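Asks: My questions will all concern the structure given below.
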Amino acid sequence: MEENAAVNAVNEAAAGTFQVRTDLALEQRESSMGEGGDVSGVRLKEWHHQKSGLKLTEVKILNEQGAKSMGKPRGTYLTLEADRLSKADDDYHSEISEELAHQIRRLMAEMIGYREEDLPSVLVVGLGNDSVTPDSLGPRVLDNLQVTRHLDGQYGNTFLKDRKLPAISGIAPGVMAQTGMETAEILKGIIHETHPDLIIAIDALAARSVRRLGTTIQLTDTGIHPGSGVGNHRHSLTKESLGVPVMAIGVPTVVGAAAIVHDTVSALVGVLAENEGTRGTGSWIEEMDPDGQYQLIRELLEPEFGPLYVTPPDIDQSVKQLSFTISEGIHQAVFP
């Protein structure tokens, strides 16, 4: 996320257009489904873990038609959903770390041909603003990360190889308002000096649904587009822009207030339709297109509140727990 989201939201509203902000490919697919429940050029697989209650969804965008329908690049998007992620349960978070590690290794195998015996050089990038709690996930993951790349310099060039350890380095580049530089510019300099095999970028995301806040982890092999979920487009962090494969790991921490109200209105119309005395009362809202519904919501909300993004009241604890869960997932994925 970035600091100009409100400006973009105001401009969007003034232009009379409406697009619910989401970084999650799963939510984008849900909103793009046709009458048959399928999106052309997009393949979906789902797995359920009965013991943990974890749901794993794989969305593969196969071609340009699918990319156009989804509004996202071709590639693989893995989503782990677990309602109990928001709870302070160390044993449960450990289970999620193990599954996350498995999925990281799976993507690494596809992206760089990773094998269990390999010792990759990985640069972990913690995106976001550490001073803003909903945007601090990336930097906090870096706080928990066990870096090793410097050990060769301290103890000899074969220290890591002799002990079968990967070369892990990390950077929290901050945001443009803090540095005056694009994240991509900073990373290009680091990549030139350190030559990593893979970049793992961690970022806070924007969701379409409140229930996915702090309970969903998305992994993708397509890289990352900082700020896109809240309408603030920055230079992309991708293999094409950086010259190194980029895996992105993100957790939604905010949802747009307009999206919440939009869902509330839909639910209200449904309730009215079920009651014989109020049946038809909300039909005029239901018949409005998304742009019309949003204009109505904007006229009601913005004079009082302006464009808003909402985060859970326990976001500090949630980010603290998730940052440790993600860092442990990375550790288990790359350390033998």
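Ordering of the structure tokens sets the chain letters (A, B, ...); residue numbers start at 1 within each chain; ligands are numbered from 1 in the order shown.
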Taking 2 positions as the minimum chain separation for residues in the same chain, which residues sit within 12 Å of Ile186 in chain A when counting only C-alpha atoms? Answer as a PyMOL selection string.
Replies: chain A and resi 125+127+171-176+179-184+188-193+235+237+242
Asks: Do you know which residues are at most 7 Å from Thr57 in chain A counting only C-alpha atoms, after dropping those on the same chain fewer than 6 positions away, and could you put them as an MDAnalysis selection string?
Replies: chainID A and resid 45:47 78:80
Asks: Okay, now the selection with N, CA, C and O atoms, as a short mmCIF file (atom, residue, chain, number, x, y, z; two decimals), in the first residue's frame?
Replies:
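That gives us out_21.cif:
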data_model
loop_
_atom_site.label_atom_id
_atom_site.label_comp_id
_atom_site.auth_asym_id
_atom_site.auth_seq_id
_atom_site.Cartn_x
_atom_site.Cartn_y
_atom_site.Cartn_z
N LYS A 45 -8.28 -24.66 -8.97
CA LYS A 45 -8.21 -25.89 -8.18
C LYS A 45 -8.36 -25.52 -6.71
O LYS A 45 -7.90 -24.47 -6.28
N GLU A 46 -8.99 -26.41 -5.95
CA GLU A 46 -9.18 -26.17 -4.52
C GLU A 46 -8.82 -27.41 -3.72
O GLU A 46 -9.07 -28.54 -4.16
N TRP A 47 -8.24 -27.20 -2.54
CA TRP A 47 -7.95 -28.28 -1.60
C TRP A 47 -8.44 -27.85 -0.22
O TRP A 47 -8.36 -26.67 0.14
N LEU A 78 -1.66 -18.62 -5.58
CA LEU A 78 -2.05 -19.56 -4.54
C LEU A 78 -2.59 -18.79 -3.34
O LEU A 78 -1.94 -17.85 -2.86
N THR A 79 -3.76 -19.18 -2.86
CA THR A 79 -4.38 -18.49 -1.74
C THR A 79 -4.64 -19.48 -0.61
O THR A 79 -5.31 -20.49 -0.81
N LEU A 80 -4.08 -19.18 0.57
CA LEU A 80 -4.33 -19.98 1.78
C LEU A 80 -5.32 -19.22 2.65
O LEU A 80 -5.05 -18.09 3.05
#
Asks: Would you list the contacts of range 153-166 of chain A as an MDAnalysis selection string, taking every protein, DNA or RNA residue within 8 Å and counting only C-alpha atoms, but skipping same-chain residues closer than 3 positions in sequence?
Replies: chainID A and resid 119:122 148:150 334:336
Asks: Write the residues of the preceding selection, restricted to N, CA and C atoms, as a compact mmCIF listing (two decimals), in the first residue's frame.
Replies:
# COMPACT_ATOMS: atom_id res chain seq x y z
N LEU A 119 21.02 -24.83 -2.54
CA LEU A 119 21.26 -23.77 -1.56
C LEU A 119 21.12 -22.43 -2.30
N PRO A 120 19.90 -21.96 -2.47
CA PRO A 120 19.68 -20.76 -3.28
C PRO A 120 20.11 -19.48 -2.58
N SER A 121 20.37 -18.47 -3.38
CA SER A 121 20.59 -17.12 -2.87
C SER A 121 19.28 -16.37 -3.00
N VAL A 122 18.69 -15.99 -1.86
CA VAL A 122 17.35 -15.38 -1.86
C VAL A 122 17.40 -14.01 -1.21
N THR A 148 21.69 -14.83 6.33
CA THR A 148 22.93 -15.61 6.39
C THR A 148 23.98 -15.15 5.39
N ARG A 149 23.62 -14.35 4.42
CA ARG A 149 24.55 -14.04 3.32
C ARG A 149 25.87 -13.44 3.83
N HIS A 150 25.81 -12.66 4.90
CA HIS A 150 26.99 -11.99 5.42
C HIS A 150 28.01 -12.94 6.05
N VAL A 334 13.53 -22.68 2.71
CA VAL A 334 14.87 -22.54 2.11
C VAL A 334 15.99 -23.19 2.91
N PHE A 335 15.76 -23.41 4.22
CA PHE A 335 16.81 -24.07 5.00
C PHE A 335 16.60 -25.58 4.94
N PRO A 336 17.66 -26.35 4.74
CA PRO A 336 17.52 -27.82 4.66
C PRO A 336 16.93 -28.39 5.94
Asks: Expressed in Å to a single decimal, how great is the separation between CA of Ser169 in chain A and CA of Ile202 in chain A?
Replies: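 Here the two named atoms are 13.5 Å from each other.
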Asks: Of the residues A:Lys72, A:Lys60, A:Arg43, A:Arg106, which is the one nearest to Ile224 in chain A, using only C-alpha atoms?
Replies: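 Looking only at the distances to Ile224 in chain A, the closest residue turns out to be A:Lys72.
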Asks: Pick out the residues sitting within 9 Å of Ala82 in chain A, and hand them over as JSON, numbers by chain; count only C-alpha atoms, and ignore anything fewer than 5 positions along from it in its own chain.
Replies: {"A": [52, 53, 54, 55, 56, 96, 212, 215, 216, 217]}
Asks: Would you mind reading off the distance between CA of Ser323 in chain A and CA of Asp152 in chain A, one decimal, in Å?
Replies: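 Going from CA of Ser323 in chain A over to CA of Asp152 in chain A, I get 26.8 Å.
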